[in-house]
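See below for work.cif, which holds mmCIF, C-alpha atoms.
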```
data_run
#
loop_
_atom_site.label_atom_id
_atom_site.label_comp_id
_atom_site.auth_asym_id
_atom_site.auth_seq_id
_atom_site.Cartn_x
_atom_site.Cartn_y
_atom_site.Cartn_z
CA MET A 1 0.00 0.00 0.00
CA ILE A 2 2.88 2.34 0.78
CA ASP A 3 4.21 1.61 -2.69
CA GLY A 4 0.83 2.58 -4.14
CA LEU A 5 0.98 5.92 -2.37
CA THR A 6 4.54 6.54 -3.59
CA VAL A 7 3.64 5.68 -7.18
CA GLY A 8 0.59 7.94 -7.06
CA LEU A 9 2.54 10.85 -5.61
CA SER A 10 5.31 10.47 -8.22
CA ALA A 11 2.67 10.58 -10.94
CA GLN A 12 1.16 13.76 -9.49
CA ILE A 13 4.57 15.46 -9.30
CA ALA A 14 5.27 14.58 -12.94
CA LEU A 15 1.82 15.74 -14.05
CA GLU A 16 2.18 19.01 -12.15
CA LYS A 17 5.38 19.78 -14.07
CA ARG A 18 3.66 18.98 -17.36
CA LEU A 19 0.71 21.18 -16.34
CA THR A 20 3.06 24.10 -15.63
CA THR A 21 4.70 23.67 -19.03
CA ILE A 22 1.37 23.58 -20.86
CA SER A 23 0.18 26.71 -19.04
CA SER A 24 3.36 28.54 -20.07
CA ASN A 25 2.95 27.44 -23.69
CA ILE A 26 -0.66 28.64 -23.83
CA ALA A 27 0.29 31.98 -22.25
CA ASN A 28 2.90 32.49 -25.01
CA THR A 29 0.76 31.60 -28.00
CA ARG A 30 1.33 35.08 -29.46
CA THR A 31 4.89 35.66 -28.22
CA VAL A 32 7.19 36.35 -31.18
CA GLY A 33 9.90 33.72 -31.57
CA PHE A 34 8.68 31.61 -28.64
CA ARG A 35 9.50 27.90 -28.72
CA ALA A 36 7.04 25.66 -26.91
CA ALA A 37 8.33 23.29 -24.23
CA GLU A 38 7.60 19.61 -23.87
CA VAL A 39 8.29 17.29 -20.96
CA LYS A 40 9.63 13.77 -21.44
CA PHE A 41 9.23 11.25 -18.65
CA GLU A 42 10.94 7.97 -17.95
CA ASP A 43 9.95 5.20 -15.58
CA VAL A 44 12.21 4.86 -12.57
CA VAL A 45 11.92 1.20 -11.71
CA ALA A 46 12.49 -0.15 -8.23
CA ARG A 47 12.65 -3.89 -7.56
CA GLN A 48 11.37 -5.23 -4.28
CA GLN A 49 12.05 -8.73 -3.08
CA ALA A 50 8.88 -10.61 -2.24
CA ALA A 51 8.30 -14.12 -1.03
CA GLU A 52 6.98 -15.16 -4.46
CA GLY A 53 9.89 -13.58 -6.36
CA ASN A 54 10.60 -10.12 -7.72
CA THR A 55 7.87 -7.49 -7.76
CA VAL A 56 8.52 -4.62 -10.16
CA ILE A 57 7.21 -1.20 -9.17
CA ALA A 58 7.41 1.64 -11.72
CA PHE A 59 7.67 5.23 -10.56
CA ALA A 60 7.39 8.26 -12.82
CA SER A 61 10.48 10.46 -13.03
CA ASP A 62 10.28 14.21 -12.48
CA GLY A 63 10.65 14.65 -16.24
CA ALA A 64 13.07 16.69 -18.34
CA GLU A 65 11.89 19.78 -20.21
CA TYR A 66 12.81 20.09 -23.89
CA ALA A 67 12.22 22.85 -26.41
CA ASN A 68 10.06 22.11 -29.43
CA THR A 69 12.39 23.01 -32.30
CA GLU A 70 9.73 23.30 -35.00
CA ALA A 71 9.67 26.75 -36.57
CA GLY A 72 6.70 29.04 -36.05
CA GLY A 73 4.85 30.74 -38.86
CA ILE A 74 6.43 33.72 -40.63
CA GLU A 75 4.41 36.95 -40.52
CA LYS A 76 5.05 40.07 -42.59
CA THR A 77 5.46 43.31 -40.69
CA GLY A 78 7.11 45.52 -43.29
CA SER A 79 9.52 46.97 -40.74
CA PRO A 80 13.12 47.10 -42.02
CA LEU A 81 14.37 46.20 -38.54
CA ASP A 82 12.29 43.03 -38.23
CA PHE A 83 13.96 39.77 -39.24
CA ALA A 84 12.97 36.12 -39.42
CA ILE A 85 15.16 33.08 -39.98
CA ASN A 86 14.34 30.34 -42.45
CA GLY A 87 16.17 27.22 -41.31
CA ASP A 88 17.80 25.88 -38.18
CA ALA A 89 19.64 28.86 -36.70
CA TRP A 90 19.34 31.52 -34.01
CA PHE A 91 20.21 35.15 -33.43
CA ALA A 92 22.49 35.80 -30.45
CA LEU A 93 22.25 38.52 -27.81
CA GLU A 94 24.71 39.73 -25.21
CA THR A 95 22.86 39.88 -21.88
CA PRO A 96 23.89 40.34 -18.22
CA ALA A 97 23.09 36.64 -17.72
CA GLY A 98 25.35 35.58 -20.59
CA ILE A 99 24.85 34.87 -24.28
CA ALA A 100 21.21 34.20 -25.13
CA VAL A 101 19.91 32.88 -28.43
CA THR A 102 16.53 33.86 -29.81
CA ARG A 103 14.28 33.57 -32.85
CA ASP A 104 12.77 36.97 -32.07
CA GLY A 105 14.33 39.23 -34.72
CA ARG A 106 12.67 42.50 -33.76
CA PHE A 107 15.62 44.86 -33.44
CA LYS A 108 16.28 48.59 -33.22
CA VAL A 109 19.25 50.90 -33.77
CA THR A 110 20.42 53.22 -30.98
CA GLY A 111 21.60 56.79 -31.56
CA GLU A 112 25.18 55.49 -31.42
CA GLY A 113 24.52 52.89 -34.12
CA ALA A 114 24.31 49.79 -31.92
CA VAL A 115 21.84 47.15 -33.11
CA VAL A 116 19.93 45.88 -30.07
CA SER A 117 16.92 43.77 -29.22
CA LEU A 118 13.68 45.34 -28.02
CA GLY A 119 14.96 44.66 -24.51
CA GLY A 120 18.11 46.67 -25.21
CA HIS A 121 20.53 43.74 -25.46
CA PRO A 122 23.27 44.01 -28.13
CA VAL A 123 22.79 41.81 -31.18
CA LEU A 124 25.94 39.86 -32.08
CA ASP A 125 27.59 39.61 -35.49
CA PRO A 126 29.05 36.32 -36.86
CA GLY A 127 32.25 36.90 -34.90
CA GLY A 128 30.46 37.29 -31.57
CA ALA A 129 30.95 41.06 -31.32
CA PRO A 130 28.13 43.57 -30.77
CA LEU A 131 26.75 44.61 -34.14
CA GLU A 132 27.05 48.28 -35.07
CA VAL A 133 25.95 50.26 -38.12
CA ASN A 134 26.14 53.90 -39.20
CA PRO A 135 23.21 55.64 -37.47
CA GLY A 136 23.18 58.28 -40.19
CA GLY A 137 24.02 56.03 -43.10
CA GLY A 138 20.53 55.42 -44.44
CA ALA A 139 18.13 52.49 -44.30
CA LEU A 140 19.43 49.02 -43.61
CA GLU A 141 19.17 46.49 -46.41
CA VAL A 142 19.71 42.93 -45.27
CA GLY A 143 20.16 40.10 -47.73
CA ALA A 144 19.25 36.45 -47.34
CA ASP A 145 22.85 35.80 -46.23
CA GLY A 146 22.45 38.23 -43.31
CA PHE A 147 24.87 40.84 -44.68
CA ILE A 148 23.84 44.42 -43.99
CA ARG A 149 24.24 47.23 -46.51
CA GLN A 150 23.69 50.97 -46.22
CA ASP A 151 23.73 53.11 -49.36
CA GLY A 152 25.06 50.10 -51.25
CA ALA A 153 28.05 49.57 -48.94
CA GLN A 154 28.39 46.52 -46.71
CA VAL A 155 28.55 47.60 -43.06
CA GLY A 156 28.16 44.35 -41.15
CA ALA A 157 26.19 41.13 -40.83
CA LEU A 158 23.65 39.55 -38.55
CA GLY A 159 25.13 36.63 -36.65
CA LEU A 160 23.39 33.31 -37.24
CA TYR A 161 24.28 30.56 -34.81
CA ALA A 162 23.76 26.82 -34.48
CA PHE A 163 22.21 25.85 -31.18
CA GLN A 164 20.27 22.89 -29.82
CA PRO A 165 18.53 23.50 -26.48
CA GLY A 166 19.31 20.67 -24.08
CA PRO A 167 17.12 19.15 -21.38
CA ASP A 168 15.89 21.57 -18.72
CA PHE A 169 17.08 24.55 -20.74
CA VAL A 170 16.94 28.00 -19.16
CA ARG A 171 14.82 30.71 -20.76
CA HIS A 172 15.82 34.35 -20.90
CA GLY A 173 13.07 36.91 -21.31
CA ASP A 174 10.04 36.10 -23.41
CA SER A 175 11.66 34.03 -26.15
CA GLY A 176 15.39 33.81 -25.44
CA ILE A 177 17.34 30.77 -24.22
CA LEU A 178 20.64 31.00 -22.37
CA ALA A 179 23.32 29.32 -24.48
CA GLY A 180 26.00 28.81 -21.84
CA GLY A 181 28.59 30.44 -24.07
CA LEU A 182 28.89 31.60 -27.67
CA PRO A 183 27.45 28.96 -30.05
CA ASN A 184 29.09 28.11 -33.36
CA PRO A 185 28.35 30.62 -36.13
CA ILE A 186 26.70 29.38 -39.32
CA VAL A 187 28.54 30.44 -42.46
CA ASP A 188 27.67 29.69 -46.10
CA ALA A 189 24.67 27.50 -45.29
CA PRO A 190 22.22 27.66 -48.23
CA ASP A 191 19.43 26.14 -46.11
CA VAL A 192 19.60 29.01 -43.59
CA THR A 193 18.45 32.45 -44.74
CA VAL A 194 17.30 35.76 -43.27
CA VAL A 195 14.06 37.44 -44.32
CA GLN A 196 13.81 41.20 -43.73
CA GLY A 197 10.46 42.75 -42.84
CA TYR A 198 9.10 39.55 -41.26
CA VAL A 199 9.01 37.96 -37.81
CA GLU A 200 8.57 34.39 -36.67
CA GLN A 201 5.52 33.75 -34.56
CA SER A 202 5.29 31.36 -31.62
CA ASN A 203 5.32 27.67 -32.58
CA VAL A 204 2.69 26.85 -29.95
CA ASP A 205 -0.32 24.94 -31.30
CA PRO A 206 -3.12 26.18 -28.99
CA VAL A 207 -5.54 23.40 -29.93
CA GLU A 208 -2.95 20.71 -29.18
CA GLU A 209 -2.01 22.39 -25.90
CA LEU A 210 -5.64 22.61 -24.76
CA THR A 211 -6.11 18.93 -25.63
CA GLN A 212 -3.02 18.05 -23.60
CA LEU A 213 -4.29 20.22 -20.73
CA ILE A 214 -7.54 18.26 -20.55
CA MET A 215 -5.68 14.93 -20.65
CA VAL A 216 -3.26 15.97 -17.90
CA GLN A 217 -6.09 17.22 -15.67
CA ARG A 218 -7.91 13.90 -16.08
CA SER A 219 -4.75 11.94 -15.32
CA PHE A 220 -4.13 14.09 -12.24
CA ASP A 221 -7.68 13.42 -11.02
CA ASN A 222 -7.21 9.67 -11.59
CA ALA A 223 -3.96 9.70 -9.62
CA SER A 224 -5.67 11.60 -6.80
CA ALA A 225 -8.48 9.06 -6.72
CA ALA A 226 -5.98 6.20 -6.58
CA ILE A 227 -4.15 7.84 -3.68
CA ARG A 228 -7.40 8.37 -1.78
CA SER A 229 -8.36 4.73 -2.32
CA THR A 230 -4.97 3.55 -1.09
CA GLU A 231 -5.18 5.83 1.95
CA ASP A 232 -8.64 4.48 2.79
CA SER A 233 -7.41 0.90 2.54
CA LEU A 234 -4.38 1.70 4.69
CA THR A 235 -6.58 3.39 7.32
CA LYS A 236 -8.90 0.35 7.46
CA LEU A 237 -5.91 -1.96 7.81
CA ILE A 238 -4.49 0.09 10.69
CA ASN A 239 -7.84 0.25 12.44
CA ALA A 240 -8.30 -3.49 12.04
CA PHE A 241 -4.82 -4.10 13.49
CA HIS A 242 -5.55 -1.95 16.54
CA ARG A 243 -8.91 -3.64 17.13
CA GLY A 244 -7.27 -7.01 16.92
#
```
Before anything else, please render the file you have as structure tokens.
Amino acid sequence: MIDGLTVGLSAQIALEKRLTTISSNIANTRTVGFRAAEVKFEDVVARQQAAEGNTVIAFASDGAEYANTEAGGIEKTGSPLDFAINGDAWFALETPAGIAVTRDGRFKVTGEGAVVSLGGHPVLDPGGAPLEVNPGGGALEVGADGFIRQDGAQVGALGLYAFQPGPDFVRHGDSGILAGGLPNPIVDAPDVTVVQGYVEQSNVDPVEELTQLIMVQRSFDNASAAIRSTEDSLTKLINAFHRG
């Protein structure tokens, strides 16, 4: 019976983590560049010697959180400082917490010519240095290769970086992910391009998330019912032992 309680509690802990992840995904359905999170669970198996042989009891692990790497839809904004990436790559930002990668390409240019995110963090070029342009040099024209031109002259390039979020990744801001260092730059990759005047929307599928939310709530209720049943049986057993 104690094992039943432990199994039920482990299931509730796992489901609570999944519920938190789903709630975050739904809340960020319209967050530019947001990557949904998923939780993967594994059974933690404990073997208990019994008189008849081995009894196998499966417990749910706490679960590891992974980022859904599918791209979100591309939406036209018309702003020359909005950028979207086609392909598997990320922009990189210099933040107080370290290098963060993001698919949110909404940038702005400061009076000194620094290219920064909406949160004010410097955007990095392919070499990992803060990107700067001529603040009085005219409109920015960015090609599919990420190179920036002003008045026909090349003045810099947007850094595109390879990055694969690991388990239990750490978010930064609305759509950034801490990279733990400068990722490898992507150079001369025909399958990775930049689109100016567009942004990538969140890759959250709200219908799928709501379906998962209902399933998790039902599973949580079932686990609660199983725990209550086990507790009732344990209470009856204890009472019977004391009466005896």
Task: Test item: the PyMOL selection byres ((chain A and resi 181-194) around 8) resolved as a ChimeraX atom specification - done: /A:83-89,98-99,126-128,142-146,159-163,179-180,195-196
Task: Selection dump of the PyMOL selection byres ((chain A and resi 132) around 12), as number ranges by chain - done: A: 108-116, 122-125, 129-131, 133-137, 140, 148-150, 154-159
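Relative to CA of Phe169 in chain A, CA of Thr211 in chain A is found at 24.4 Å.
Picture a line from CA of Pro80 in chain A to CA of Val199 in chain A; it runs 10.9 Å.
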TODO: Can you work out the spacing between CA of Ser117 in chain A and CA of Asp104 in chain A in Å, to one decimal?
DONE: 8.5 Å
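Each of A:Leu210, A:Met215, A:Arg103, A:Ser202 was compared to Ser23 in chain A using all atoms listed in the file, and A:Leu210 turns out to be the nearest.
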Open item on the list: Need the shell around Pro167 in chain A: protein/DNA/RNA residues with any atom at most 12 Å away, counting only C-alpha atoms. Skip same-chain ones fewer than 5 positions apart. Format as a PyMOL selection string?
Closed with: chain A and resi 37-41+63-68+177
- [ ] List the residues matched by the PyMOL selection byres ((chain A and resi 208) around 12) in the displayed structure as a PyMOL selection string, ordered by chain and then by residue number.
- [x] chain A and resi 22+25-26+29+36+38+203-207+209-215
